[in-house]
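Engineer: Okay, handing you the structure first.
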Amino acid sequence: MVTKAFQSVRQFSRTPSVWNLCWPSSHFRPQCVQRTELLNGIKVAAAKTSGTAVAACTIMFQAGSRFEINDDFGATHFIRAISPASGCAYTDFSKARVLQQFGAHLTCTATRQYIAFTLTCPLPSFKETKYYLLDTAARSMYNEWDIKDCMPHIRDDLYRITTEERVMDLVQRACWAGSLANSIYCEEERIESMTRLRLCGFVYENFKSSSCSVASVGVPFEETLKVADKIEMTRYKPPERKELPSNPRAGFEYYELGPGSDTCIAAVIPGCGASDLTCLLKHAIIAAACGTGCVQSGQHDIDCTPQGPLGHMAGADIHTKFRAFNIAYYDTGVFGILCNTRAQTANSCTCALVEFLCNVGDLDFRQLEVGKKRLKMELARHDEDAAASAEGLALQLACGVRLDGVGDALALIDNITVDDLSCVAKAISSRRNDLAIAVVGDCGAVPHDQELFHHL
């Protein structure tokens, strides 16, 4: 009976349609990652998935706002906003209409470190839609009329920015003296001065093949190579670009919204870069141990119970929320705590926030173990996002890091001992002299940085 069943399965499996079925797998995806580097320096990676019908491809340049100099300030904001505009081969109308018909969409993400263009589409339509990705990332014209049409959108970005987004931008400016102090937003007084010559000059200087990485999830490796090969036709690798160093300055930045307005406070201490994966995971575990979100999701914001121990600092005040965060660039990063509260409680919340950050080394072993479990859960939850996985894989290539999937990351987290985490947490506390603070809201209700440092 067993032999007959086995033979029937073999005969059934010979049909071509069965090989395309998504058989269940006990492994986290992606299961296999192929990597290579072209002669011109473009790094390529393609991750095979366990049967998803959605594919994503990312073209990433290490050309974030930290590389803006002189007249280039605000160029990355314009490049992000002008990405839907016409390119060499396709108009803006064609991009919006054709991609919608294929069920695909293009996104552009800009940070202080990189600019990433990501195409998400059904796998059968990738061969047709990949040219729209190339046209947006490497063939954009930056016409003067497109720049003029984009200026109102840039102003709207400055008006629509939330208090949390603004304070996160300001606290990084307060932390660093150097290129990392450049904002990811274009200042309003510089909007009218942006021209095609300046944008093309920034792209020519920074969109080099040596700083480019192409990564895909669910796309065959051969198709990913074709995309990378069409970005730059030359076969020689340009010289490495010199990165301007940034040093901690322990600054204080603020943005006044008026008396009685809701206030957002952020305090950071210099952390580690993404090039050191083990150290980066340690900082991420410590942030998770402090509390980076809520215990449950899907409910109203006021009903959500925040993670401890930071979540316990608000007490019975449902309008006050604390959370920890960790931001990594290539060579360095920041570790900090964010607080959203009302103006009436801004003073006490700021003092409690700074005191907790400067004493983060007091986390006990049980809390650090909980942090490891929280980080592993978050990594497993976001593993099914093809666009985020492709962008993360491209960032790995740029930083020289190799992770073939969530399973490898979970194994690295398990290998980190609690003693090592405690040492890193104490090292963060020892850098309290480099503490930087940013406030958005009722700035008069928040104590000045010198007053805070006096109590530490």
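FYI, nothing fancy with the structure tokens labels: chains A, B, ... in order, residues from 1 per chain, ligands from 1 as they appear.
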Neighbours of segment 216-228 of chain A within 6 Å (only C-alpha atoms; same-chain residues fewer than 5 positions away dropped), as a ChimeraX atom specification?
Structural biologist: /A:46-49,55-57,390
Engineer: Based on DSSP run over this structure's backbone, return all residues of segment 90-226 of chain A in helix (DSSP H, G or I), as a PyMOL selection string.
Structural biologist: chain A and resi 92-102+123-138+144-160+163-175+179-181+188-190+196-206+209-211+221-226
Engineer: Find the spatial neighbours of Ser275 of chain A, counting only C-alpha atoms, within a cut-off of 9 Å - ignore same-chain residues fewer than 4 positions away - and output them as a list in words.
Structural biologist: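 Selected residues are Cys279, Leu280, Ala328, Tyr329, Tyr330, Asp331, Thr332, Gln396, Ala398, Cys399, Gly400 and Val401 of chain A.
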Engineer: Could you please take those selected residues and save C-alpha atoms as a PDB file, in the first residue's frame?
Structural biologist:
ATOM      1  CA  CYS A 279      27.413  45.299  18.093  1.00  0.00           C
ATOM      2  CA  LEU A 280      24.354  46.538  16.195  1.00  0.00           C
ATOM      3  CA  ALA A 328      22.565  53.050  12.698  1.00  0.00           C
ATOM      4  CA  TYR A 329      24.503  54.629   9.855  1.00  0.00           C
ATOM      5  CA  TYR A 330      27.422  52.922   8.154  1.00  0.00           C
ATOM      6  CA  ASP A 331      30.127  53.970  10.632  1.00  0.00           C
ATOM      7  CA  THR A 332      28.215  55.136  13.695  1.00  0.00           C
ATOM      8  CA  GLN A 396      23.528  44.576   3.917  1.00  0.00           C
ATOM      9  CA  ALA A 398      26.447  48.263   1.200  1.00  0.00           C
ATOM     10  CA  CYS A 399      27.605  47.629   4.777  1.00  0.00           C
ATOM     11  CA  GLY A 400      29.463  44.404   4.009  1.00  0.00           C
ATOM     12  CA  VAL A 401      27.133  42.342   6.212  1.00  0.00           C
TER      13      VAL A 401
END
Engineer: Could you give me, as an MDAnalysis selection string, the residues within 12 Å of Leu197 of chain A, counting only C-alpha atoms and dropping anything in the same chain fewer than 5 positions from it?
Structural biologist: chainID A and resid 71:72 75 141:144 147 202:204
Engineer: Restrict the selected residues to N, CA, C and O atoms and save them as a tab-separated table (two decimals), in the first residue's frame.
Structural biologist:
chain	number	residue	atom	x	y	z
A	71	ASP	N	26.11	73.80	-2.03
A	71	ASP	CA	24.80	74.13	-2.59
A	71	ASP	C	23.89	72.92	-2.74
A	71	ASP	O	22.80	73.03	-3.31
A	72	ASP	N	24.32	71.76	-2.26
A	72	ASP	CA	23.53	70.54	-2.43
A	72	ASP	C	22.52	70.32	-1.32
A	72	ASP	O	21.75	69.36	-1.39
A	75	ALA	N	19.04	68.35	-1.57
A	75	ALA	CA	18.95	67.62	-2.84
A	75	ALA	C	18.25	66.27	-2.66
A	75	ALA	O	17.45	65.86	-3.52
A	141	MET	N	15.53	62.71	-15.51
A	141	MET	CA	15.99	63.90	-16.24
A	141	MET	C	16.14	65.12	-15.34
A	141	MET	O	16.92	66.02	-15.65
A	142	TYR	N	15.35	65.22	-14.26
A	142	TYR	CA	15.35	66.39	-13.37
A	142	TYR	C	15.12	67.67	-14.17
A	142	TYR	O	15.90	68.63	-14.11
A	143	ASN	N	14.04	67.67	-14.95
A	143	ASN	CA	13.71	68.84	-15.76
A	143	ASN	C	13.32	70.02	-14.88
A	143	ASN	O	12.80	69.85	-13.77
A	144	GLU	N	13.57	71.22	-15.41
A	144	GLU	CA	13.27	72.42	-14.64
A	144	GLU	C	11.79	72.53	-14.32
A	144	GLU	O	11.40	72.93	-13.22
A	147	ILE	N	10.94	70.26	-11.47
A	147	ILE	CA	11.41	70.82	-10.19
A	147	ILE	C	10.47	71.91	-9.71
A	147	ILE	O	10.14	71.99	-8.51
A	202	PHE	N	24.72	66.76	-7.93
A	202	PHE	CA	24.71	65.85	-6.78
A	202	PHE	C	24.64	64.40	-7.24
A	202	PHE	O	25.33	63.53	-6.70
A	203	VAL	N	23.78	64.13	-8.23
A	203	VAL	CA	23.65	62.76	-8.74
A	203	VAL	C	24.95	62.31	-9.40
A	203	VAL	O	25.40	61.16	-9.21
A	204	TYR	N	25.59	63.18	-10.15
A	204	TYR	CA	26.84	62.81	-10.83
A	204	TYR	C	27.94	62.49	-9.82
A	204	TYR	O	28.75	61.58	-10.03
Engineer: Find the residues around Val44 of chain A up to 8 Å (only C-alpha atoms counted), leave out those fewer than 6 positions away in its own chain, and share them as number ranges by chain.
Structural biologist: A: 35-38, 213-215, 224-225, 228, 394, 397
Engineer: Could you check the closest approach to Gly361 of chain A for each of A:Ala287, A:Ala425, A:Asn347, A:Leu199 and tell me which residue wins, using only C-alpha atoms?
Structural biologist: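 The answer is A:Ala425, which sits nearest to Gly361 of chain A.
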